[in-house]
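Below is one structure, written out as structure tokens; comments come after it.
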Amino acid sequence: MEERLMRHVADSAVIQTQIILSSHINGAGRLFGGQLMEWIDIVAGVVARRHARCNQTTASVDSLQFKEAVHLNDTLILEGKLTYVGHTSMEVRVDSYVEEMKSGERKLVNTAYFVMVALDENDHPTPVPGLILETDEEKAEWAAGEKRNQLRKQRRIEQY
């Protein structure tokens, strides 16, 4: 039996920074939710791509809830990392923060969990490397990811 390749959480982590421009703002003067979703999806995709080292696709995303408003000229920080891997799928957590310009203080805007599926050259699901868990936080995220994975499977079964 072939030994499964393993990678560290830090090997695929991503930090993206955006300055909020007028093209990102809705009629209420706040960041478009769809714009945030696009940026989060890109970050999740880069994390998955770095881990699996192949193309991937978004299979699902958990809820998108704004906890803080994001306005024109704010700095938005998106941090993505792997939390759980299956056979061909990867769960990616992306935390979004608005950063106060003068103090540098960050406030959580959103936390989203994406399920990304690795794809081979024929766009079929392909196995992904395992995940090396080093910290208590990574181990806790893995345990929570296992539970979320089971809930997603249960919801799929209940839909049919």
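Identifiers for the structure tokens are assigned positionally: chains receive A, B, ... in sequence, residues are indexed from 1 per chain, and ligands are indexed from 1 in the order shown.
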
- Contacts of Ala52 (chain A) at 7 Å (only C-alpha atoms; same-chain gap of 4+ positions) as a PyMOL selection string: chain A and resi 48+118+128-129

- Message: Write out as number ranges by chain the set of residues from region 20-142 of chain A that DSSP, computed on the backbone, places in helix (DSSP H, G or I).
- Response: A: 22-24, 33-52, 136-142

Restrict the calculation to only C-alpha atoms, then for each residue of region 55-154 of chain A with any atom at most 12 Å from an atom of region 32-43 of chain A give the closest atom pair and their distance in Å to one decimal, rows by chain and rising residue number, as CSV.
```
residue,atom,partner,partner_atom,distance
A:Gln56,CA,A:Ile42,CA,11.1
A:Thr57,CA,A:Asp41,CA,9.8
A:Thr58,CA,A:Asp41,CA,7.7
A:Ala59,CA,A:Asp41,CA,10.8
A:Ser60,CA,A:Asp41,CA,10.2
A:Val61,CA,A:Asp41,CA,8.8
A:Asp62,CA,A:Met37,CA,11.1
A:Ser63,CA,A:Met37,CA,10.4
A:Leu64,CA,A:Met37,CA,7.8
A:Gln65,CA,A:Gly33,CA,9.0
A:Phe66,CA,A:Gly33,CA,8.3
A:Lys67,CA,A:Gly33,CA,11.9
A:Glu68,CA,A:Gly33,CA,11.9
A:Ala69,CA,A:Phe32,CA,10.3
A:Val70,CA,A:Phe32,CA,9.0
A:His71,CA,A:Phe32,CA,9.7
A:Leu72,CA,A:Phe32,CA,10.9
A:Leu76,CA,A:Leu36,CA,9.5
A:Ile77,CA,A:Trp39,CA,10.2
A:Leu78,CA,A:Ile40,CA,7.1
A:Glu79,CA,A:Val43,CA,7.6
A:Gly80,CA,A:Val43,CA,6.1
A:Lys81,CA,A:Val43,CA,8.9
A:Leu82,CA,A:Val43,CA,11.0
A:Val92,CA,A:Val43,CA,9.0
A:Arg93,CA,A:Ile40,CA,9.3
A:Val94,CA,A:Ile40,CA,6.5
A:Asp95,CA,A:Ile40,CA,8.4
A:Ser96,CA,A:Ile40,CA,8.0
A:Tyr97,CA,A:Leu36,CA,11.0
A:Val98,CA,A:Leu36,CA,11.6
A:Val109,CA,A:Leu36,CA,9.9
A:Asn110,CA,A:Leu36,CA,9.2
A:Thr111,CA,A:Ile40,CA,9.5
A:Ala112,CA,A:Ile40,CA,7.9
A:Tyr113,CA,A:Ile40,CA,9.6
A:Phe114,CA,A:Asp41,CA,7.8
A:Val115,CA,A:Asp41,CA,10.2
A:Met116,CA,A:Asp41,CA,9.7
```

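Shortest separation to Gln150 (chain A) among A:Glu105, A:Tyr84, A:Ile132, A:His51 occurs at residue A:Tyr84, atoms counted being only C-alpha atoms.
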
- Could you write out, as a PyMOL selection string, all the residues of region 1-139 of chain A that DSSP marks as strand (DSSP E or B)? chain A and resi 6-8+14-19+25+30-31+56-61+71+75-85+89-99+106-119+125+130-132

- Item | Selection: 8 Å around region 138-145 of chain A, only C-alpha atoms, excl. self and same-chain fewer than 5 positions, as a list in words | Val9, Thr83, Tyr84, Glu91 and Leu133 of chain A

Keeping only all heavy atoms, write the selected residues as a short mmCIF file (atom, residue, chain, number, x, y, z; two decimals), in the first residue's frame.
```cif
data_model
loop_
_atom_site.label_atom_id
_atom_site.label_comp_id
_atom_site.auth_asym_id
_atom_site.auth_seq_id
_atom_site.Cartn_x
_atom_site.Cartn_y
_atom_site.Cartn_z
N VAL A 9 -0.23 22.40 8.05
CA VAL A 9 -1.24 23.46 7.88
C VAL A 9 -0.57 24.72 7.34
O VAL A 9 -1.06 25.36 6.41
CB VAL A 9 -1.97 23.74 9.21
CG1 VAL A 9 -2.88 24.96 9.09
CG2 VAL A 9 -2.76 22.52 9.66
N THR A 83 -8.29 23.15 7.62
CA THR A 83 -8.71 22.68 8.94
C THR A 83 -8.97 21.19 8.97
O THR A 83 -8.90 20.56 10.01
CB THR A 83 -9.99 23.41 9.39
OG1 THR A 83 -10.99 23.28 8.37
CG2 THR A 83 -9.71 24.89 9.63
N TYR A 84 -9.27 20.61 7.79
CA TYR A 84 -9.63 19.19 7.74
C TYR A 84 -9.47 18.71 6.30
O TYR A 84 -9.72 19.48 5.37
CB TYR A 84 -11.09 19.01 8.19
CG TYR A 84 -11.60 17.60 8.11
CD1 TYR A 84 -11.29 16.68 9.10
CD2 TYR A 84 -12.40 17.18 7.05
CE1 TYR A 84 -11.75 15.37 9.03
CE2 TYR A 84 -12.87 15.89 6.97
CZ TYR A 84 -12.55 14.98 7.96
OH TYR A 84 -13.00 13.70 7.89
N GLU A 91 -11.31 21.00 3.79
CA GLU A 91 -12.06 22.08 4.41
C GLU A 91 -11.09 23.23 4.68
O GLU A 91 -10.03 23.03 5.26
CB GLU A 91 -12.71 21.63 5.72
CG GLU A 91 -13.55 22.73 6.34
CD GLU A 91 -14.07 22.37 7.71
OE1 GLU A 91 -13.24 22.38 8.67
OE2 GLU A 91 -15.26 22.10 7.84
N LEU A 133 -1.01 17.87 11.98
CA LEU A 133 -1.55 18.77 13.00
C LEU A 133 -0.49 18.95 14.09
O LEU A 133 -0.07 17.97 14.71
CB LEU A 133 -2.83 18.20 13.59
CG LEU A 133 -3.90 17.81 12.57
CD1 LEU A 133 -5.04 17.07 13.24
CD2 LEU A 133 -4.39 19.04 11.83
#
```

- Item | For Gln16 (chain A), the nearest of the candidates A:Gly29, A:Leu119, A:Ala44, A:His124, counting only C-alpha atoms | A:Ala44

- re CA of Met6 (chain A) and CA of Asn149 (chain A): distance 19.9 Å

- Task: Point out the residue among A:Thr135, A:Arg30, A:Pro127, A:Leu21 with the least atom-to-atom distance to Val85 (chain A), counting only C-alpha atoms.
- Result: A:Pro127
